[in-house]
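One structure is given here, and the rest of the page talks about it.
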Amino acid sequence: MGAAASFSGGITPLYNDGWGRSRYAGNDKGETAILLTAGDVPVWLVAIFVTLAGLAFGSFLNVCISRLPRHESIVRPGSRCPRCAVPIRALDNVPLLSWVILHGRCRKCGWRIPWRYPAVEAGTAALFLLSFLQYGLSVRGAGVAVLCFLLLGLAVMDAETMRLPDVFTLPGIGLGILYAALLPAPIFRVHLWNAAASAIWALLAASLILAIRWLYFLARRREGMGIGDAKLLALIAAWLGPALTLLTLFLGVIAAAVVGLIWIGLSKRGEKTLAARLPFGSFLCAAAIYAIFAGEPIIRWYISFFR
């Protein structure tokens with residue numbers, strides 16, 4: 001089977017190439033391994049449930065974004081206002097709806113709630129819904145939703161704090177290997193091969209970033225990419241395989257370069273713009289989300305030049 005066949009459906013990584021067009025890989029419509037049977041339940045009703053689940057996970061993701069970079073517990077204490085520290089009532093903690101009812105302010109002290117909170121909730125819900133609409137109630141659909149949850153959280157954390165917490169990246173790598181092992185396959189050893197290949201691609205992706213980091217240090221005598229970026233790309237590779245990971249890296253670098261040039265152009269003369277740091281992890285996460293849903297046509301277009 002040609003290499004291009006492995007990009008024909010879903011986010012089946014290249015290490016699953018041997019079954020890229022088979023019924024086991026779930027690439028063809030109607031052949032995905034269903035986790036839940038909807039029966040006669042209308043699709044729109046399932047979509048509403050998925051969206052509500054996305055809102056709930058988005059609310060939890062906001063807690064992770066606010067606390068994990070500061071090494072705080074996400075369990076205790078409960079949700080509270082960052083300014084007055086008054087616990088947030090359950091009725092004031094409904095995703096999106098409470099923000100609208102309270103006009104984006106704390107009920108107690110009037111502190112303006114940052115737009116990031118409703119944006120993350122809405123973004124998570126939209127990504128969950130898109131995962132369902134594109135991949136259905138399947139192993140692949142559930143995996144895409146989990147991956148988008150991780151990527152969105154890491155993107156915002158890196159943008160706000162320039163940190164990519166290990167508590168997100170390292171478990172994310174493990175979940176990517178588990179996802180690869182759970183992809184439908186005809187025999188058990190193929191599950192093992194998928195998991196092993198996922199781990200190998202993760203290791204190679206991290207090594208690539210570390211090599212770039214080392215070369216940059218030799219040339220500039222200062223650090224460029226962080227260790228967190230290496231772990232992030234390893235996470236992406238564990239889930240997506242090599243082709244979409246390379247596309248992610250390419251798009252992330254291009255986006256960061258464009259934003260950097262715009263930043264320099266808008267900055268005043270005399271400012272040390274070249275020393276400014278950009279959250280490269282945020283660009284990688286955004287590029288990975290794009291690659292999940294729209295990367296395969298780009299890969300097929302590129303491969304067509306070599307046929």
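Identifiers for the structure tokens are assigned positionally: chains receive A, B, ... in sequence, residues are indexed from 1 per chain, and ligands are indexed from 1 in the order shown.
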Open item on the list: Residues near A:Leu130, anyone? I mean within 12 Å using only C-alpha atoms, not counting same-chain ones fewer than 3 positions away, as a list of chain:residue names.
Closed with: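 Everything that qualifies: A:Ala47, A:Ile48, A:Val50, A:Thr51, A:Gly54, A:Gly123, A:Thr124, A:Ala125, A:Ala126, A:Leu127, A:Leu133, A:Gln134, A:Tyr135, A:Gly136, A:Leu137, A:Gly141, A:Ala142, A:Val144, A:Ala145, A:Cys148, A:Ile289, A:Tyr290, A:Ile292, A:Phe293, A:Ala294.
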Writing out the chosen residues with N, CA and C atoms as an mmCIF file, in the first residue's frame:
data_model
loop_
_atom_site.group_PDB
_atom_site.id
_atom_site.type_symbol
_atom_site.label_atom_id
_atom_site.label_comp_id
_atom_site.auth_asym_id
_atom_site.auth_seq_id
_atom_site.Cartn_x
_atom_site.Cartn_y
_atom_site.Cartn_z
ATOM 1 N N ALA A 47 -25.369 15.949 19.306
ATOM 2 C CA ALA A 47 -24.505 17.119 19.162
ATOM 3 C C ALA A 47 -24.686 18.084 20.336
ATOM 4 N N ILE A 48 -25.925 18.245 20.806
ATOM 5 C CA ILE A 48 -26.172 19.108 21.964
ATOM 6 C C ILE A 48 -25.486 18.545 23.203
ATOM 7 N N VAL A 50 -22.869 16.579 23.321
ATOM 8 C CA VAL A 50 -21.425 16.734 23.148
ATOM 9 C C VAL A 50 -21.004 18.172 23.423
ATOM 10 N N THR A 51 -21.791 19.134 22.965
ATOM 11 C CA THR A 51 -21.481 20.548 23.196
ATOM 12 C C THR A 51 -21.527 20.883 24.678
ATOM 13 N N GLY A 54 -18.574 19.585 26.284
ATOM 14 C CA GLY A 54 -17.445 20.450 25.974
ATOM 15 C C GLY A 54 -17.415 21.688 26.855
ATOM 16 N N GLY A 123 -14.504 27.655 23.195
ATOM 17 C CA GLY A 123 -13.566 26.972 22.308
ATOM 18 C C GLY A 123 -13.551 25.474 22.531
ATOM 19 N N THR A 124 -13.569 25.041 23.785
ATOM 20 C CA THR A 124 -13.593 23.613 24.079
ATOM 21 C C THR A 124 -14.876 22.977 23.557
ATOM 22 N N ALA A 125 -16.011 23.650 23.769
ATOM 23 C CA ALA A 125 -17.282 23.129 23.267
ATOM 24 C C ALA A 125 -17.266 23.017 21.745
ATOM 25 N N ALA A 126 -16.725 24.024 21.069
ATOM 26 C CA ALA A 126 -16.671 24.001 19.611
ATOM 27 C C ALA A 126 -15.772 22.865 19.107
ATOM 28 N N LEU A 127 -14.644 22.643 19.776
ATOM 29 C CA LEU A 127 -13.734 21.576 19.352
ATOM 30 C C LEU A 127 -14.335 20.195 19.612
ATOM 31 N N LEU A 133 -18.709 15.803 14.904
ATOM 32 C CA LEU A 133 -19.251 15.932 13.556
ATOM 33 C C LEU A 133 -18.320 15.321 12.504
ATOM 34 N N GLN A 134 -17.012 15.379 12.748
ATOM 35 C CA GLN A 134 -16.072 14.873 11.755
ATOM 36 C C GLN A 134 -15.735 13.395 11.944
ATOM 37 N N TYR A 135 -15.708 12.925 13.192
ATOM 38 C CA TYR A 135 -15.264 11.552 13.440
ATOM 39 C C TYR A 135 -16.299 10.682 14.138
ATOM 40 N N GLY A 136 -17.425 11.254 14.557
ATOM 41 C CA GLY A 136 -18.485 10.466 15.158
ATOM 42 C C GLY A 136 -18.175 10.024 16.577
ATOM 43 N N LEU A 137 -19.074 9.196 17.128
ATOM 44 C CA LEU A 137 -18.883 8.620 18.460
ATOM 45 C C LEU A 137 -18.006 7.382 18.315
ATOM 46 N N GLY A 141 -12.995 9.814 17.369
ATOM 47 C CA GLY A 141 -13.677 11.022 17.813
ATOM 48 C C GLY A 141 -13.356 11.367 19.259
ATOM 49 N N ALA A 142 -13.367 10.353 20.122
ATOM 50 C CA ALA A 142 -13.031 10.592 21.526
ATOM 51 C C ALA A 142 -11.578 11.022 21.667
ATOM 52 N N VAL A 144 -9.695 12.590 19.430
ATOM 53 C CA VAL A 144 -9.535 13.955 18.933
ATOM 54 C C VAL A 144 -10.000 14.961 19.982
ATOM 55 N N ALA A 145 -11.113 14.667 20.648
ATOM 56 C CA ALA A 145 -11.617 15.572 21.678
ATOM 57 C C ALA A 145 -10.622 15.712 22.826
ATOM 58 N N CYS A 148 -7.605 17.760 21.604
ATOM 59 C CA CYS A 148 -7.936 19.186 21.499
ATOM 60 C C CYS A 148 -8.011 19.835 22.879
ATOM 61 N N ILE A 289 -3.987 21.709 16.051
ATOM 62 C CA ILE A 289 -5.443 21.650 15.936
ATOM 63 C C ILE A 289 -5.863 21.814 14.485
ATOM 64 N N TYR A 290 -5.208 22.722 13.775
ATOM 65 C CA TYR A 290 -5.504 22.885 12.351
ATOM 66 C C TYR A 290 -5.168 21.612 11.584
ATOM 67 N N ILE A 292 -5.132 18.550 12.657
ATOM 68 C CA ILE A 292 -6.068 17.471 12.972
ATOM 69 C C ILE A 292 -7.262 17.496 12.021
ATOM 70 N N PHE A 293 -7.828 18.675 11.806
ATOM 71 C CA PHE A 293 -9.069 18.775 11.052
ATOM 72 C C PHE A 293 -8.870 19.094 9.570
ATOM 73 N N ALA A 294 -7.746 19.674 9.219
ATOM 74 C CA ALA A 294 -7.564 20.096 7.828
ATOM 75 C C ALA A 294 -6.194 19.740 7.272
#
Task: Proximity to A:Leu192 - best of A:Thr161, A:Ala206, A:Ile177, A:Leu96, only C-alpha atoms - done: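 Comparing A:Thr161, A:Ala206, A:Ile177, A:Leu96 against A:Leu192, the winner is A:Ile177.
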Task: Backbone-only DSSP, alpha helix (DSSP H) members of stretch 89-261 of chain A, as number ranges by chain - done: A: 97-101, 116-135, 139-161, 166-182, 188-220, 227-261
Task: Long-range neighbours of stretch 104-121 of chain A as a PyMOL selection string, 10 Å cut-off, only C-alpha atoms, 6 positions minimum in chain - done: chain A and resi 52+54-63+65-66+80-89+92+95-98+149+152-153+156
Please produce a file of the residues just selected, as a JSON list (two decimals), in the first residue's frame, where the atoms kept are N, CA and C atoms.
[["chain", "number", "residue", "atom", "x", "y", "z"],
["A", 52, "LEU", "N", -22.56, 20.39, 25.38],
["A", 52, "LEU", "CA", -22.66, 20.64, 26.83],
["A", 52, "LEU", "C", -21.49, 20.00, 27.57],
["A", 54, "GLY", "N", -18.57, 19.58, 26.28],
["A", 54, "GLY", "CA", -17.44, 20.45, 25.97],
["A", 54, "GLY", "C", -17.41, 21.69, 26.85],
["A", 55, "LEU", "N", -18.58, 22.26, 27.13],
["A", 55, "LEU", "CA", -18.64, 23.42, 28.02],
["A", 55, "LEU", "C", -18.17, 23.06, 29.42],
["A", 56, "ALA", "N", -18.60, 21.89, 29.91],
["A", 56, "ALA", "CA", -18.20, 21.46, 31.25],
["A", 56, "ALA", "C", -16.69, 21.22, 31.31],
["A", 57, "PHE", "N", -16.15, 20.56, 30.30],
["A", 57, "PHE", "CA", -14.70, 20.33, 30.27],
["A", 57, "PHE", "C", -13.95, 21.64, 30.09],
["A", 58, "GLY", "N", -14.54, 22.59, 29.36],
["A", 58, "GLY", "CA", -13.91, 23.89, 29.20],
["A", 58, "GLY", "C", -13.82, 24.64, 30.51],
["A", 59, "SER", "N", -14.86, 24.52, 31.35],
["A", 59, "SER", "CA", -14.83, 25.14, 32.67],
["A", 59, "SER", "C", -13.71, 24.53, 33.52],
["A", 60, "PHE", "N", -13.59, 23.20, 33.46],
["A", 60, "PHE", "CA", -12.51, 22.54, 34.19],
["A", 60, "PHE", "C", -11.15, 22.94, 33.63],
["A", 61, "LEU", "N", -11.08, 23.11, 32.31],
["A", 61, "LEU", "CA", -9.81, 23.51, 31.69],
["A", 61, "LEU", "C", -9.38, 24.89, 32.18],
["A", 62, "ASN", "N", -10.33, 25.77, 32.40],
["A", 62, "ASN", "CA", -9.98, 27.09, 32.94],
["A", 62, "ASN", "C", -9.32, 26.98, 34.31],
["A", 63, "VAL", "N", -9.81, 26.05, 35.13],
["A", 63, "VAL", "CA", -9.19, 25.82, 36.43],
["A", 63, "VAL", "C", -7.74, 25.36, 36.25],
["A", 65, "ILE", "N", -5.77, 25.88, 33.68],
["A", 65, "ILE", "CA", -4.97, 26.97, 33.13],
["A", 65, "ILE", "C", -4.57, 27.96, 34.22],
["A", 66, "SER", "N", -5.49, 28.23, 35.14],
["A", 66, "SER", "CA", -5.23, 29.22, 36.18],
["A", 66, "SER", "C", -4.29, 28.70, 37.26],
["A", 80, "ARG", "N", -12.98, 30.15, 43.21],
["A", 80, "ARG", "CA", -13.10, 31.39, 43.98],
["A", 80, "ARG", "C", -12.66, 32.56, 43.12],
["A", 81, "CYS", "N", -13.09, 33.75, 43.52],
["A", 81, "CYS", "CA", -12.69, 34.96, 42.79],
["A", 81, "CYS", "C", -11.22, 35.24, 43.05],
["A", 82, "PRO", "N", -10.42, 35.46, 42.00],
["A", 82, "PRO", "CA", -8.99, 35.74, 42.19],
["A", 82, "PRO", "C", -8.72, 37.02, 42.97],
["A", 83, "ARG", "N", -9.67, 37.96, 42.97],
["A", 83, "ARG", "CA", -9.44, 39.22, 43.66],
["A", 83, "ARG", "C", -9.91, 39.18, 45.12],
["A", 84, "CYS", "N", -11.16, 38.83, 45.37],
["A", 84, "CYS", "CA", -11.69, 38.87, 46.74],
["A", 84, "CYS", "C", -11.64, 37.52, 47.44],
["A", 85, "ALA", "N", -11.31, 36.46, 46.69],
["A", 85, "ALA", "CA", -11.17, 35.10, 47.23],
["A", 85, "ALA", "C", -12.47, 34.53, 47.79],
["A", 86, "VAL", "N", -13.61, 35.13, 47.45],
["A", 86, "VAL", "CA", -14.90, 34.61, 47.89],
["A", 86, "VAL", "C", -15.25, 33.40, 47.01],
["A", 87, "PRO", "N", -15.64, 32.28, 47.64],
["A", 87, "PRO", "CA", -16.02, 31.10, 46.84],
["A", 87, "PRO", "C", -17.15, 31.42, 45.86],
["A", 88, "ILE", "N", -17.06, 30.85, 44.68],
["A", 88, "ILE", "CA", -18.07, 31.08, 43.65],
["A", 88, "ILE", "C", -19.20, 30.09, 43.83],
["A", 89, "ARG", "N", -20.42, 30.61, 43.91],
["A", 89, "ARG", "CA", -21.58, 29.75, 44.08],
["A", 89, "ARG", "C", -21.81, 28.89, 42.84],
["A", 92, "ASP", "N", -23.39, 30.53, 39.99],
["A", 92, "ASP", "CA", -22.54, 31.52, 39.31],
["A", 92, "ASP", "C", -21.38, 30.85, 38.57],
["A", 95, "PRO", "N", -20.98, 27.26, 32.98],
["A", 95, "PRO", "CA", -20.17, 27.71, 31.84],
["A", 95, "PRO", "C", -20.95, 28.63, 30.90],
["A", 96, "LEU", "N", -20.33, 29.73, 30.54],
["A", 96, "LEU", "CA", -20.85, 30.74, 29.62],
["A", 96, "LEU", "C", -22.09, 31.47, 30.16],
["A", 97, "LEU", "N", -23.09, 30.72, 30.59],
["A", 97, "LEU", "CA", -24.35, 31.34, 31.01],
["A", 97, "LEU", "C", -24.15, 32.27, 32.19],
["A", 98, "SER", "N", -23.39, 31.82, 33.19],
["A", 98, "SER", "CA", -23.16, 32.67, 34.37],
["A", 98, "SER", "C", -22.39, 33.92, 33.99],
["A", 149, "PHE", "N", -8.54, 19.12, 23.85],
["A", 149, "PHE", "CA", -8.58, 19.60, 25.22],
["A", 149, "PHE", "C", -7.17, 19.92, 25.72],
["A", 152, "LEU", "N", -5.56, 22.95, 23.57],
["A", 152, "LEU", "CA", -6.12, 24.26, 23.89],
["A", 152, "LEU", "C", -5.61, 24.74, 25.24],
["A", 153, "GLY", "N", -5.58, 23.84, 26.22],
["A", 153, "GLY", "CA", -5.08, 24.22, 27.54],
["A", 153, "GLY", "C", -3.63, 24.63, 27.50],
["A", 156, "VAL", "N", -3.10, 28.15, 25.81],
["A", 156, "VAL", "CA", -3.42, 29.30, 26.65],
["A", 156, "VAL", "C", -2.41, 29.45, 27.78]]
Open item on the list: Please report the interatomic distance between atom CA of A:Leu210 and atom CA of A:Gly241 in Å with one decimal.
Closed with: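 Between these atoms lies a distance of 18.3 Å.
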- [ ] Identify, on the basis of only C-alpha atoms, every residue whose closest approach to A:Trp201 does not exceed 12 Å; exclude the query and any residue fewer than 3 positions from it along the same chain; express the result as number ranges by chain.
- [x] A: 13-15, 173, 176-177, 180, 194-198, 204-208, 231, 233-246
- [ ] Enter the distance from atom CA of A:Val253 to atom CA of A:Gly172, in Å, rounded to one decimal.
- [x] 21.8 Å
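The space between atom CA of A:Gly228 and atom CA of A:Gly265 spans 28.2 Å.
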Open item on the list: If we count only C-alpha atoms and set the cut-off at 9 Å, which residues sit around A:Phe168, ignoring sequence neighbours fewer than 6 positions away in its own chain? Please answer as a list in words.
Closed with: Leu68, Leu150, Gly153 and Leu154 of chain A
Please produce an output containing C-alpha atoms for each residue in the selection, written as a short mmCIF file (atom, residue, chain, number, x, y, z; two decimals), in the first residue's frame.
data_model
loop_
_atom_site.label_atom_id
_atom_site.label_comp_id
_atom_site.auth_asym_id
_atom_site.auth_seq_id
_atom_site.Cartn_x
_atom_site.Cartn_y
_atom_site.Cartn_z
CA LEU A 68 -1.26 24.38 37.12
CA LEU A 150 -4.87 19.19 25.95
CA GLY A 153 -5.08 24.22 27.54
CA LEU A 154 -1.37 24.19 26.72
#
